[in-house]
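What follows is a set of notes on a single structure, which appears directly below.
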Amino acid sequence: MINLFRLTSFRIIFIYIILLALSIGLVAFYLYWSTSKDFQTKVDNEIIQESVRLSQVHKRYKEVGLIRQIQYLSQTPSPNLYILRDSNNKFIAGNFSDTDSLWNLTRLEEGVVLFSFEKKDNNGETIRKYYFRGKEFIVRNKYNLIVARDVSYENYLKERFFNTILSTSLLIILLGLLGGYVLSRNFLNRISAINKTSLEIMDGDLSMRLPTSSNNDELNQLSLNLNNMLDRLNKLMIGMKDVSDNIAHDLRTPLNKIRTNLEVTLMSNPDSESYRQTINDVIDDVDSLINTFNSLLAISRVDSGSISLKKEKINIKNLIEDIVDLWEPLAEEKGVILNNECDIDIYLEGNKNLLSQAISNLIDNAIKYGESKNIVNVGSRDNKDSILIWVSDTGPGIHDKDKEKVLDRFTRLDTSRNTSGTGLGLSLVSSMIKFHQGTIELLDAKPKGLIVKLQIPSC
Amino acid sequence: MHILLIEDDINAASYVIKGLKESGHVVDHASDGEEGIQLALTLKFDVIVVDRMLPKLDGLSLINKIRTENIDTPILILSALGEVDEKVLGLKAGADDYLAKPFSFSELLARIEVLNRRTNPEVKETFLKVGSLSMNLLTRQVHRQGIEVDLQPREFRLLEFLMKRSNQVVTRTMLLEGVWEYHFDPQTNVIDVHISRLRSKIDKPFDCKQMLFTERGAGYALRSDD
C-alpha cells in the first residue's frame, strides 16, 4: 500500500485542494449571505409599508377601523398574512386564524418574527410547510398585530443554494483528491522505478540505467543526469579495472622472470660467477619494476594535482635547448637527427620539472620507435592564447585507431612489444599536460611519422 | 668512515647497515628521532643519514636541532616523499643531500662518500687537477698531459662535476641533478652516451691509462691515472 502522504507531490495537491475548497466556500457563502439579506430586506420593507398604512388607519378610525380594515384585507387576495389578537392571545381578526400554530414563533430584534405552518391533509399528514417572516406590533397595549409574508419560496431557494454550494465543494475536493492520487501515483511509479534501478545498480550491475521518458520534465532530467553520471563512473571503473589488471600483468611478468631466474640458478649448482650474473640480472629487473612503480606514483601525484607541484615562469626555449642537449648524443648514436626548431624566447607559467619530463618522454619515444634516418624535430610557438610545443618524427607513426589508446596507462602497441619501456610514458605526458590545463594531440606527419602537439594555455 | 643512520624501519636499516659495513664503514644506528639527536650531539660522525619520517622527532626538526648546535657534519636525508619541493624543504632545513626511496644501495653509498669528501662550497676553486688531467675554471681550458682538449660547454660541466668528485662513484641521478638539474630519470642510457663522448675526448686520444670508468650498476668514476 502506498503511503500517499509520504509523497511530496500528493501533499502539495492535497493542500492545494483544501485551499481551493476553502476559497470556493468563502465566495459561495458570501453570495448566499448577501442574497438572503436582499430577500429579507425586500420582505421587511413591504411589511413596513403595509404597517405604515395600517397605523394611519388606526390613527384615523381607531381600533374599530383597524379591525375592520384587517377584516377587509383578509377577504381580498393578498400575499400578506394578518393576525390581530387581544391581550389574551384571542384571535380577533385576520386571514390566519390557526393561532395555535404560532407556538413556534421566534421573536428577533426590532419586532421581527419568524414562524412556520404545516398544512395537513385529512389524515394529519403534512402536505406542505410554509415559512413566514413578519413584524409584530402592540397596539395601545390591548392588541397584538402580526403582519407577515410567506417566505417559503425564498427559504427553498436559500436551501437549494446552500446545498448546491456544499455539494459542489465536496465534489471539487473529491475530484481533486482523485486527480492528486492518480497524478502522484504516476509520479510515485516513476520514483519507485528509479529507486528500484538504483538498488540494482548498488548491487553491482553498473550497466543498468534509470528509465527515461520523452517528456523533458525535471524528473526525466534527473534521470538523464544520473545516467550520464553512471556512464562516467562506469568508464572510470573500467579504466581503473584495466589499470589494475595491467598493473597486475605488468608486474607479474617481471616478478615471474626474476623467480625463474633465481630458481634455475639455484638448481644448476652454480659457481660464484653465475651467481654474480644472476644477481645482476635480478637487480636490473627489480630496477625496471621500481621504474614502473615510480612512473605510476608520478602519474597519480600529477593527476591529483599535488600541492607540492609549484608553477613558475619558464622560458620554453631554454627548456627545449637543455632537453635537446641531453638527448642529442644518444640520437646521434642511433643515427637520428634531433633538431631544435625553437629560436625565440617563449614564456610560460608551469612546472619546469614536469614539462621537461614530458618533452623528454616524447623525444625518448620519437627516438625509440622511429627507424634509423629518423628526423626528430622539437619546437614551440606562441599562439597568443596558448603555447604550442611539438615533437615530430619521421617514424612509422600511429594508426588512427590506436591514437586514443596510447595515452592510456600500460598501452604498448604490438609494434613496440620488443622495445623496452613501462608503457606509461605517454600517459605520464598526458597527466602532466592536464596538470597545466593543456591538451595533447597526436597527428600524422607528412609524408609519414607522428607529430605530438602540446597546447598549454598562456597565463 | 663513521656513519650515523637514523631510520625507524629496522628491516630496511639492517640492510643499509650491512652494506655500509661491507663497504668498510663504521655504522651507529638510532631507531627514533630522540635517540638520533642524542647520538648526533654526543659522538663525532663523518656523515649522518636521516629518514624524513621518524617517531618522536621528525627528520626535518632533527636536522634543525643539529644545525643550531653548530654541528656541520654532512647530512643526507632519506624520504619516500620524492617530490622536488620536498627536496628543497630538506635542503633548507640544513641537509646537504636528499635521496628518495626506493633508492639503490650504490646510489646511497656514492652519495655518502661524496658528502664525506665534500669540498667547502664557500671556497671557489679555479683550478682542478686529477692525475694528468687539469681544468682551468677561469679560462675554461682542459689539458691532459699538457695537450689541450676541446670540450663543448655541457661536456665541460660534466667533467668539472666528475673532477670535483674524482676517485668516487658518481651515479646517473647525481649527474642528472648536478649537471642538468633534472629531478627525473629519463630511464634511457642518455648519460652513458654523454660519458662515452667525454671518454672519446679525454681518454681515447691519449695513449695511457684510462681515467673515466663505468661502474656497472652503480655509475661512473673519474680515477687518477697516477
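Residue numbers start at 1 in each chain; chains themselves are named A, B, ... in the order of the C-alpha cells; ligands are numbered from 1 in the order shown.
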
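The residues of chain B lying at most 9 Å from chain A, with only C-alpha atoms taken into account, are Glu83, Val84, Asp85, Glu86, Pro102, Ser104, Arg154, Trp180, Tyr182, His183, Phe184, Asp185, Pro186, Gln187, Thr188, Asn189, Val190, Ile191, Asp192, Val193, His194, Arg197 and Gly217 of chain B.
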
Output for the residues just chosen: N, CA and C atoms as a CSV table (one decimal), in the first residue's frame:
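Output (part27.csv):
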chain,number,residue,atom,x,y,z
B,83,GLU,N,59.3,14.2,-4.1
B,83,GLU,CA,59.0,15.4,-4.9
B,83,GLU,C,60.1,16.5,-4.8
B,84,VAL,N,60.3,17.2,-5.9
B,84,VAL,CA,61.3,18.2,-5.9
B,84,VAL,C,61.2,19.2,-4.8
B,85,ASP,N,60.0,19.6,-4.5
B,85,ASP,CA,59.9,20.6,-3.5
B,85,ASP,C,60.1,20.1,-2.1
B,86,GLU,N,59.9,18.8,-1.9
B,86,GLU,CA,60.3,18.1,-0.7
B,86,GLU,C,61.8,18.2,-0.5
B,102,PRO,N,62.2,4.4,-3.3
B,102,PRO,CA,63.3,3.4,-3.1
B,102,PRO,C,64.5,3.8,-3.8
B,104,SER,N,68.8,2.8,-4.8
B,104,SER,CA,69.6,1.7,-4.8
B,104,SER,C,70.8,1.9,-3.8
B,154,ARG,N,78.6,21.7,-22.2
B,154,ARG,CA,78.0,20.7,-21.4
B,154,ARG,C,79.0,19.6,-20.9
B,180,TRP,N,72.6,18.6,-15.2
B,180,TRP,CA,71.4,19.0,-16.0
B,180,TRP,C,70.3,19.7,-15.1
B,182,TYR,N,68.0,18.1,-13.5
B,182,TYR,CA,66.8,17.4,-13.7
B,182,TYR,C,66.5,16.5,-12.5
B,183,HIS,N,65.2,16.6,-12.1
B,183,HIS,CA,64.9,15.7,-10.9
B,183,HIS,C,64.0,14.6,-11.4
B,184,PHE,N,64.3,14.1,-12.6
B,184,PHE,CA,63.6,12.9,-13.0
B,184,PHE,C,64.6,12.0,-13.8
B,185,ASP,N,64.2,10.8,-13.9
B,185,ASP,CA,65.2,9.8,-14.6
B,185,ASP,C,64.6,9.5,-15.9
B,186,PRO,N,65.3,9.9,-17.0
B,186,PRO,CA,64.8,9.6,-18.4
B,186,PRO,C,64.8,8.1,-18.7
B,187,GLN,N,65.3,7.3,-17.8
B,187,GLN,CA,65.2,5.8,-17.9
B,187,GLN,C,65.8,5.2,-19.2
B,188,THR,N,66.6,6.0,-19.8
B,188,THR,CA,67.3,5.5,-21.0
B,188,THR,C,68.8,5.9,-20.8
B,189,ASN,N,69.6,5.2,-21.6
B,189,ASN,CA,71.1,5.4,-21.3
B,189,ASN,C,71.6,6.8,-21.9
B,190,VAL,N,70.8,7.8,-21.7
B,190,VAL,CA,71.3,9.1,-22.3
B,190,VAL,C,72.6,9.5,-21.7
B,191,ILE,N,72.8,9.3,-20.4
B,191,ILE,CA,74.0,9.7,-19.7
B,191,ILE,C,75.2,8.9,-20.2
B,192,ASP,N,75.0,7.6,-20.4
B,192,ASP,CA,76.0,6.7,-20.9
B,192,ASP,C,76.7,7.3,-22.2
B,193,VAL,N,75.8,7.8,-23.1
B,193,VAL,CA,76.3,8.4,-24.3
B,193,VAL,C,77.1,9.6,-24.1
B,194,HIS,N,76.7,10.5,-23.1
B,194,HIS,CA,77.4,11.7,-22.8
B,194,HIS,C,78.8,11.3,-22.2
B,197,ARG,N,81.1,10.0,-25.0
B,197,ARG,CA,81.6,11.1,-25.7
B,197,ARG,C,82.7,11.8,-25.0
B,217,GLY,N,76.1,-1.0,-12.7
B,217,GLY,CA,75.1,-1.0,-11.7
B,217,GLY,C,75.2,0.2,-10.8

| task | With a distance cut-off of 12 Å and only C-alpha atoms, select the neighbouring residues of Ile195 of chain B, excluding the residue or stretch itself and same-chain residues fewer than 3 positions from it, and output the selection as an MDAnalysis selection string. | result | (chainID A and resid 326 329:330) or (chainID B and resid 154:159 162 170:172 175 189:192 198:203 211:215 219:222)

Mind dumping the selected residues with N, CA and C atoms as a compact mmCIF listing (two decimals), in the first residue's frame?
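The resulting selection24.txt:
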# COMPACT_ATOMS: atom_id res chain seq x y z
N LEU A 326 70.48 17.16 -23.77
CA LEU A 326 70.58 15.89 -23.05
C LEU A 326 70.46 14.71 -24.01
N PRO A 329 73.33 13.47 -27.96
CA PRO A 329 74.34 12.42 -28.18
C PRO A 329 73.72 11.05 -28.46
N LEU A 330 72.65 10.71 -27.71
CA LEU A 330 72.01 9.41 -27.90
C LEU A 330 71.39 9.33 -29.29
N ARG B 154 78.59 21.69 -22.23
CA ARG B 154 77.99 20.68 -21.36
C ARG B 154 79.03 19.63 -20.95
N GLU B 155 79.91 19.28 -21.88
CA GLU B 155 80.97 18.31 -21.56
C GLU B 155 81.91 18.88 -20.50
N PHE B 156 82.12 20.19 -20.60
CA PHE B 156 82.97 20.86 -19.62
C PHE B 156 82.35 20.76 -18.23
N ARG B 157 81.04 21.02 -18.14
CA ARG B 157 80.36 20.96 -16.84
C ARG B 157 80.34 19.53 -16.30
N LEU B 158 80.17 18.58 -17.21
CA LEU B 158 80.17 17.17 -16.81
C LEU B 158 81.54 16.78 -16.24
N LEU B 159 82.58 17.20 -16.94
CA LEU B 159 83.93 16.86 -16.48
C LEU B 159 84.25 17.56 -15.17
N LEU B 162 82.72 15.68 -12.40
CA LEU B 162 83.44 14.43 -12.13
C LEU B 162 84.79 14.70 -11.47
N VAL B 170 80.10 8.24 -9.07
CA VAL B 170 79.05 9.25 -9.27
C VAL B 170 77.92 8.57 -10.03
N THR B 171 76.71 8.63 -9.49
CA THR B 171 75.60 7.91 -10.12
C THR B 171 74.95 8.75 -11.23
N ARG B 172 74.11 8.06 -12.02
CA ARG B 172 73.39 8.75 -13.10
C ARG B 172 72.52 9.87 -12.57
N LEU B 175 74.43 12.86 -11.63
CA LEU B 175 74.81 13.65 -12.80
C LEU B 175 73.61 14.43 -13.34
N ASN B 189 69.63 5.23 -21.60
CA ASN B 189 71.06 5.44 -21.33
C ASN B 189 71.58 6.75 -21.92
N VAL B 190 70.82 7.83 -21.75
CA VAL B 190 71.28 9.13 -22.26
C VAL B 190 72.62 9.52 -21.67
N ILE B 191 72.78 9.28 -20.35
CA ILE B 191 74.01 9.72 -19.68
C ILE B 191 75.21 8.89 -20.19
N ASP B 192 74.96 7.60 -20.41
CA ASP B 192 76.01 6.73 -20.95
C ASP B 192 76.66 7.33 -22.18
N LEU B 198 82.54 11.98 -23.73
CA LEU B 198 83.60 12.62 -22.96
C LEU B 198 84.85 11.75 -22.95
N ARG B 199 84.59 10.44 -22.84
CA ARG B 199 85.71 9.50 -22.81
C ARG B 199 86.49 9.56 -24.12
N SER B 200 85.74 9.70 -25.22
CA SER B 200 86.42 9.77 -26.52
C SER B 200 87.29 11.02 -26.64
N LYS B 201 87.04 12.00 -25.78
CA LYS B 201 87.86 13.20 -25.85
C LYS B 201 89.00 13.20 -24.85
N ILE B 202 88.76 12.66 -23.65
CA ILE B 202 89.83 12.74 -22.64
C ILE B 202 90.62 11.43 -22.50
N ASP B 203 90.06 10.32 -22.95
CA ASP B 203 90.78 9.05 -22.80
C ASP B 203 91.34 8.52 -24.12
N MET B 211 90.96 6.92 -17.60
CA MET B 211 90.59 7.66 -16.39
C MET B 211 89.09 7.55 -16.09
N LEU B 212 88.29 7.58 -17.14
CA LEU B 212 86.84 7.63 -16.96
C LEU B 212 86.27 6.22 -17.05
N PHE B 213 85.75 5.70 -15.92
CA PHE B 213 85.27 4.32 -15.84
C PHE B 213 83.76 4.28 -15.66
N THR B 214 83.17 3.21 -16.19
CA THR B 214 81.77 2.95 -15.91
C THR B 214 81.71 1.84 -14.88
N GLU B 215 81.06 2.11 -13.75
CA GLU B 215 80.93 1.11 -12.69
C GLU B 215 79.57 0.43 -12.87
N GLY B 219 77.43 3.51 -11.45
CA GLY B 219 77.55 4.82 -12.08
C GLY B 219 78.89 4.95 -12.78
N TYR B 220 79.53 6.08 -12.57
CA TYR B 220 80.78 6.37 -13.26
C TYR B 220 81.79 6.89 -12.25
N ALA B 221 83.06 6.75 -12.62
CA ALA B 221 84.08 7.29 -11.74
C ALA B 221 85.24 7.81 -12.57
N LEU B 222 85.73 8.97 -12.18
CA LEU B 222 86.93 9.51 -12.82
C LEU B 222 88.09 9.22 -11.87

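Relative to atom CA of Ile191 of chain A, atom CA of Leu171 of chain A is found at 29.4 Å.
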
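Closest approach to Ser34 of chain A among A:Asn315, A:Gly179, A:Met229, A:Lys158 is made by A:Lys158 (distances from only C-alpha atoms).
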
Pick out the residues sitting within 7 Å of segment 248-257 of chain A, and hand them over as a PDB file with N, CA and C atoms, in the first residue's frame; count only C-alpha atoms, and ignore anything fewer than 3 positions along from it in its own chain.
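Written output follows (part03.pdb):
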ATOM      1  N   SER A 244      44.364  -1.654 -13.077  1.00  0.00           N
ATOM      2  CA  SER A 244      44.852  -2.613 -12.079  1.00  0.00           C
ATOM      3  C   SER A 244      45.149  -3.962 -12.715  1.00  0.00           C
ATOM      4  N   ASP A 245      44.348  -4.343 -13.739  1.00  0.00           N
ATOM      5  CA  ASP A 245      44.671  -5.577 -14.465  1.00  0.00           C
ATOM      6  C   ASP A 245      46.053  -5.457 -15.095  1.00  0.00           C
ATOM      7  N   THR A 260      61.971 -17.293 -11.742  1.00  0.00           N
ATOM      8  CA  THR A 260      62.503 -18.382 -12.559  1.00  0.00           C
ATOM      9  C   THR A 260      64.030 -18.304 -12.610  1.00  0.00           C
ATOM     10  N   ASN A 261      64.518 -17.109 -12.850  1.00  0.00           N
ATOM     11  CA  ASN A 261      65.960 -16.894 -12.934  1.00  0.00           C
ATOM     12  C   ASN A 261      66.649 -17.387 -11.663  1.00  0.00           C
ATOM     13  N   ASP A 285      66.137  -6.275 -13.301  1.00  0.00           N
ATOM     14  CA  ASP A 285      64.692  -6.497 -13.362  1.00  0.00           C
ATOM     15  C   ASP A 285      63.960  -5.725 -12.271  1.00  0.00           C
ATOM     16  N   LEU A 289      61.121  -2.716 -12.369  1.00  0.00           N
ATOM     17  CA  LEU A 289      59.882  -2.724 -11.580  1.00  0.00           C
ATOM     18  C   LEU A 289      59.739  -1.424 -10.792  1.00  0.00           C
TER      19      LEU A 289
END

| query | Could you name the residues that touch His25 of chain B at 12 Å or less, counting only C-alpha atoms, but leaving out those on the same chain fewer than 5 positions away, as number ranges by chain? | reply | B: 1-5, 16-20, 45-47, 109, 112-113, 116

| Which residues, written as a ChimeraX atom specification, have at least one atom at most 8 Å from Glu7 of chain B, with only C-alpha atoms counted and residues fewer than 4 positions away on the same chain left out? | /B:13,29-32,50-51,54

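Taking atom CA of Ile359 of chain A and atom CA of Val336 of chain A as the two end points, the separation is 16.6 Å.
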
| query | Quick one: residues within 9 Å of Lys44 of chain B, only C-alpha atoms counted, chain neighbours fewer than 4 positions away excluded, as a PyMOL selection string? | reply | chain B and resi 2+39-40+73

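Within 9 Å of Gly111 of chain A, once only C-alpha atoms are used and residues closer than 5 positions along the same chain are dropped, the contacting residues are Gly134, Lys135, Glu136 and Phe137 of chain A.
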
Output of the above residues as an mmCIF file, in the first residue's frame, restricted to N, CA and C atoms:
data_model
loop_
_atom_site.group_PDB
_atom_site.id
_atom_site.type_symbol
_atom_site.label_atom_id
_atom_site.label_comp_id
_atom_site.auth_asym_id
_atom_site.auth_seq_id
_atom_site.Cartn_x
_atom_site.Cartn_y
_atom_site.Cartn_z
ATOM 1 N N GLY A 134 -42.320 38.140 9.494
ATOM 2 C CA GLY A 134 -43.187 39.294 9.664
ATOM 3 C C GLY A 134 -42.752 40.198 10.788
ATOM 4 N N LYS A 135 -43.680 41.184 11.091
ATOM 5 C CA LYS A 135 -43.386 42.117 12.188
ATOM 6 C C LYS A 135 -44.544 42.094 13.171
ATOM 7 N N GLU A 136 -44.233 42.249 14.426
ATOM 8 C CA GLU A 136 -45.241 42.221 15.471
ATOM 9 C C GLU A 136 -45.394 43.635 16.031
ATOM 10 N N PHE A 137 -46.644 44.083 16.104
ATOM 11 C CA PHE A 137 -46.896 45.419 16.665
ATOM 12 C C PHE A 137 -47.816 45.271 17.857
#

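The space between atom CA of Ser392 of chain A and atom CA of Leu296 of chain A spans 25.6 Å.
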
For the strand (DSSP E) assignment from backbone DSSP, which residues of segment 1-109 of chain A qualify? Please present them as a PDB file with N, CA and C atoms, in the first residue's frame.
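Output saved as part-v7.pdb:
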ATOM      1  N   ASN A  80     -49.989  39.037   1.853  1.00  0.00           N
ATOM      2  CA  ASN A  80     -49.699  39.264   3.274  1.00  0.00           C
ATOM      3  C   ASN A  80     -50.591  38.438   4.170  1.00  0.00           C
ATOM      4  N   LEU A  81     -50.111  38.250   5.372  1.00  0.00           N
ATOM      5  CA  LEU A  81     -50.819  37.495   6.390  1.00  0.00           C
ATOM      6  C   LEU A  81     -51.064  38.459   7.552  1.00  0.00           C
ATOM      7  N   TYR A  82     -52.301  38.487   8.039  1.00  0.00           N
ATOM      8  CA  TYR A  82     -52.619  39.394   9.147  1.00  0.00           C
ATOM      9  C   TYR A  82     -53.157  38.583  10.286  1.00  0.00           C
ATOM     10  N   ILE A  83     -52.653  38.863  11.464  1.00  0.00           N
ATOM     11  CA  ILE A  83     -53.209  38.218  12.661  1.00  0.00           C
ATOM     12  C   ILE A  83     -53.360  39.313  13.716  1.00  0.00           C
ATOM     13  N   LEU A  84     -54.608  39.548  14.129  1.00  0.00           N
ATOM     14  CA  LEU A  84     -54.842  40.525  15.190  1.00  0.00           C
ATOM     15  C   LEU A  84     -55.408  39.765  16.374  1.00  0.00           C
ATOM     16  N   ARG A  85     -54.716  39.904  17.529  1.00  0.00           N
ATOM     17  CA  ARG A  85     -55.167  39.196  18.722  1.00  0.00           C
ATOM     18  C   ARG A  85     -55.270  40.183  19.859  1.00  0.00           C
ATOM     19  N   ASP A  86     -56.124  39.796  20.845  1.00  0.00           N
ATOM     20  CA  ASP A  86     -56.188  40.661  22.021  1.00  0.00           C
ATOM     21  C   ASP A  86     -55.113  40.242  23.016  1.00  0.00           C
ATOM     22  N   PHE A  91     -57.884  35.355  19.062  1.00  0.00           N
ATOM     23  CA  PHE A  91     -57.933  35.828  17.675  1.00  0.00           C
ATOM     24  C   PHE A  91     -59.117  36.758  17.488  1.00  0.00           C
ATOM     25  N   ILE A  92     -58.842  37.944  16.924  1.00  0.00           N
ATOM     26  CA  ILE A  92     -59.913  38.909  16.696  1.00  0.00           C
ATOM     27  C   ILE A  92     -60.204  39.000  15.219  1.00  0.00           C
ATOM     28  N   ALA A  93     -59.127  39.248  14.448  1.00  0.00           N
ATOM     29  CA  ALA A  93     -59.327  39.370  13.006  1.00  0.00           C
ATOM     30  C   ALA A  93     -58.068  38.922  12.289  1.00  0.00           C
ATOM     31  N   GLY A  94     -58.238  38.674  10.973  1.00  0.00           N
ATOM     32  CA  GLY A  94     -57.063  38.289  10.180  1.00  0.00           C
ATOM     33  C   GLY A  94     -57.388  37.142   9.260  1.00  0.00           C
ATOM     34  N   THR A 106     -40.797  32.784  16.609  1.00  0.00           N
ATOM     35  CA  THR A 106     -39.482  33.223  17.096  1.00  0.00           C
ATOM     36  C   THR A 106     -39.436  34.725  16.982  1.00  0.00           C
ATOM     37  N   ARG A 107     -39.092  35.393  18.083  1.00  0.00           N
ATOM     38  CA  ARG A 107     -39.023  36.845  18.043  1.00  0.00           C
ATOM     39  C   ARG A 107     -37.574  37.286  17.895  1.00  0.00           C
TER      40      ARG A 107
END

Could you pull out the residues in segment 22-219 of chain B that DSSP calls alpha helix (DSSP H) from the backbone, as a PDB file with C-alpha atoms, in the first residue's frame?
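Saved result, result.pdb, follows:
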ATOM      1  CA  GLU B  22      80.631  -4.348   3.900  1.00  0.00           C
ATOM      2  CA  GLY B  33      64.452  10.932  16.399  1.00  0.00           C
ATOM      3  CA  GLU B  34      65.300  11.406  20.081  1.00  0.00           C
ATOM      4  CA  GLU B  35      67.833   8.609  20.164  1.00  0.00           C
ATOM      5  CA  GLY B  36      69.250  10.022  16.941  1.00  0.00           C
ATOM      6  CA  ILE B  37      69.730  13.556  18.248  1.00  0.00           C
ATOM      7  CA  GLN B  38      71.335  12.194  21.419  1.00  0.00           C
ATOM      8  CA  LEU B  39      73.908  10.256  19.391  1.00  0.00           C
ATOM      9  CA  ALA B  40      74.484  13.122  16.969  1.00  0.00           C
ATOM     10  CA  LEU B  41      75.172  15.538  19.821  1.00  0.00           C
ATOM     11  CA  THR B  42      77.491  13.244  21.787  1.00  0.00           C
ATOM     12  CA  GLY B  59      63.737  14.305  10.347  1.00  0.00           C
ATOM     13  CA  LEU B  60      63.490  17.989   9.492  1.00  0.00           C
ATOM     14  CA  SER B  61      63.325  19.167  13.140  1.00  0.00           C
ATOM     15  CA  LEU B  62      66.163  16.822  13.994  1.00  0.00           C
ATOM     16  CA  ILE B  63      68.351  18.384  11.292  1.00  0.00           C
ATOM     17  CA  ASN B  64      67.364  21.838  12.511  1.00  0.00           C
ATOM     18  CA  LYS B  65      68.448  20.930  16.060  1.00  0.00           C
ATOM     19  CA  ILE B  66      71.761  19.512  14.889  1.00  0.00           C
ATOM     20  CA  ARG B  67      72.458  22.653  12.898  1.00  0.00           C
ATOM     21  CA  THR B  68      71.554  25.014  15.759  1.00  0.00           C
ATOM     22  CA  VAL B  84      61.341  18.171  -5.907  1.00  0.00           C
ATOM     23  CA  ASP B  85      59.863  20.645  -3.462  1.00  0.00           C
ATOM     24  CA  GLU B  86      60.287  18.105  -0.670  1.00  0.00           C
ATOM     25  CA  LYS B  87      63.956  18.050  -1.546  1.00  0.00           C
ATOM     26  CA  VAL B  88      64.071  21.820  -1.312  1.00  0.00           C
ATOM     27  CA  LEU B  89      62.464  21.651   2.168  1.00  0.00           C
ATOM     28  CA  GLY B  90      65.038  19.107   3.303  1.00  0.00           C
ATOM     29  CA  LEU B  91      67.932  21.131   1.972  1.00  0.00           C
ATOM     30  CA  LYS B  92      66.522  24.305   3.533  1.00  0.00           C
ATOM     31  CA  ALA B  93      66.357  22.604   6.917  1.00  0.00           C
ATOM     32  CA  PHE B 105      72.326   0.967  -2.294  1.00  0.00           C
ATOM     33  CA  SER B 106      75.067   2.036  -4.694  1.00  0.00           C
ATOM     34  CA  GLU B 107      73.316   5.388  -5.031  1.00  0.00           C
ATOM     35  CA  LEU B 108      73.284   5.806  -1.243  1.00  0.00           C
ATOM     36  CA  LEU B 109      76.888   4.722  -0.920  1.00  0.00           C
ATOM     37  CA  ALA B 110      78.044   7.034  -3.702  1.00  0.00           C
ATOM     38  CA  ARG B 111      76.245   9.987  -2.149  1.00  0.00           C
ATOM     39  CA  ILE B 112      77.590   9.264   1.341  1.00  0.00           C
ATOM     40  CA  GLU B 113      81.139   9.075   0.039  1.00  0.00           C
ATOM     41  CA  VAL B 114      80.762  12.272  -1.957  1.00  0.00           C
ATOM     42  CA  LEU B 115      79.320  14.044   1.095  1.00  0.00           C
ATOM     43  CA  ASN B 116      82.262  12.909   3.228  1.00  0.00           C
ATOM     44  CA  PRO B 153      80.060  23.612 -22.632  1.00  0.00           C
ATOM     45  CA  ARG B 154      77.988  20.681 -21.364  1.00  0.00           C
ATOM     46  CA  GLU B 155      80.969  18.311 -21.563  1.00  0.00           C
ATOM     47  CA  PHE B 156      82.968  20.860 -19.621  1.00  0.00           C
ATOM     48  CA  ARG B 157      80.358  20.959 -16.845  1.00  0.00           C
ATOM     49  CA  LEU B 158      80.174  17.174 -16.806  1.00  0.00           C
ATOM     50  CA  LEU B 159      83.931  16.858 -16.484  1.00  0.00           C
ATOM     51  CA  GLU B 160      84.036  19.577 -13.810  1.00  0.00           C
ATOM     52  CA  PHE B 161      81.435  17.651 -11.782  1.00  0.00           C
ATOM     53  CA  LEU B 162      83.440  14.433 -12.131  1.00  0.00           C
ATOM     54  CA  MET B 163      86.796  16.057 -11.342  1.00  0.00           C
ATOM     55  CA  LYS B 164      85.386  17.622  -8.164  1.00  0.00           C
ATOM     56  CA  ARG B 172      73.390   8.747 -13.102  1.00  0.00           C
ATOM     57  CA  THR B 173      70.899  10.587 -10.907  1.00  0.00           C
ATOM     58  CA  MET B 174      73.692  12.594  -9.327  1.00  0.00           C
ATOM     59  CA  LEU B 175      74.814  13.649 -12.805  1.00  0.00           C
ATOM     60  CA  VAL B 190      71.284   9.128 -22.262  1.00  0.00           C
ATOM     61  CA  ILE B 191      74.009   9.716 -19.682  1.00  0.00           C
ATOM     62  CA  ASP B 192      76.013   6.727 -20.946  1.00  0.00           C
ATOM     63  CA  VAL B 193      76.327   8.377 -24.314  1.00  0.00           C
ATOM     64  CA  HIS B 194      77.437  11.653 -22.778  1.00  0.00           C
ATOM     65  CA  ILE B 195      80.074   9.787 -20.775  1.00  0.00           C
ATOM     66  CA  SER B 196      81.348   7.860 -23.773  1.00  0.00           C
ATOM     67  CA  ARG B 197      81.561  11.115 -25.740  1.00  0.00           C
ATOM     68  CA  LEU B 198      83.595  12.625 -22.960  1.00  0.00           C
ATOM     69  CA  ARG B 199      85.710   9.497 -22.809  1.00  0.00           C
ATOM     70  CA  SER B 200      86.423   9.765 -26.518  1.00  0.00           C
ATOM     71  CA  LYS B 201      87.861  13.202 -25.853  1.00  0.00           C
ATOM     72  CA  ILE B 202      89.831  12.736 -22.643  1.00  0.00           C
TER      73      ILE B 202
END
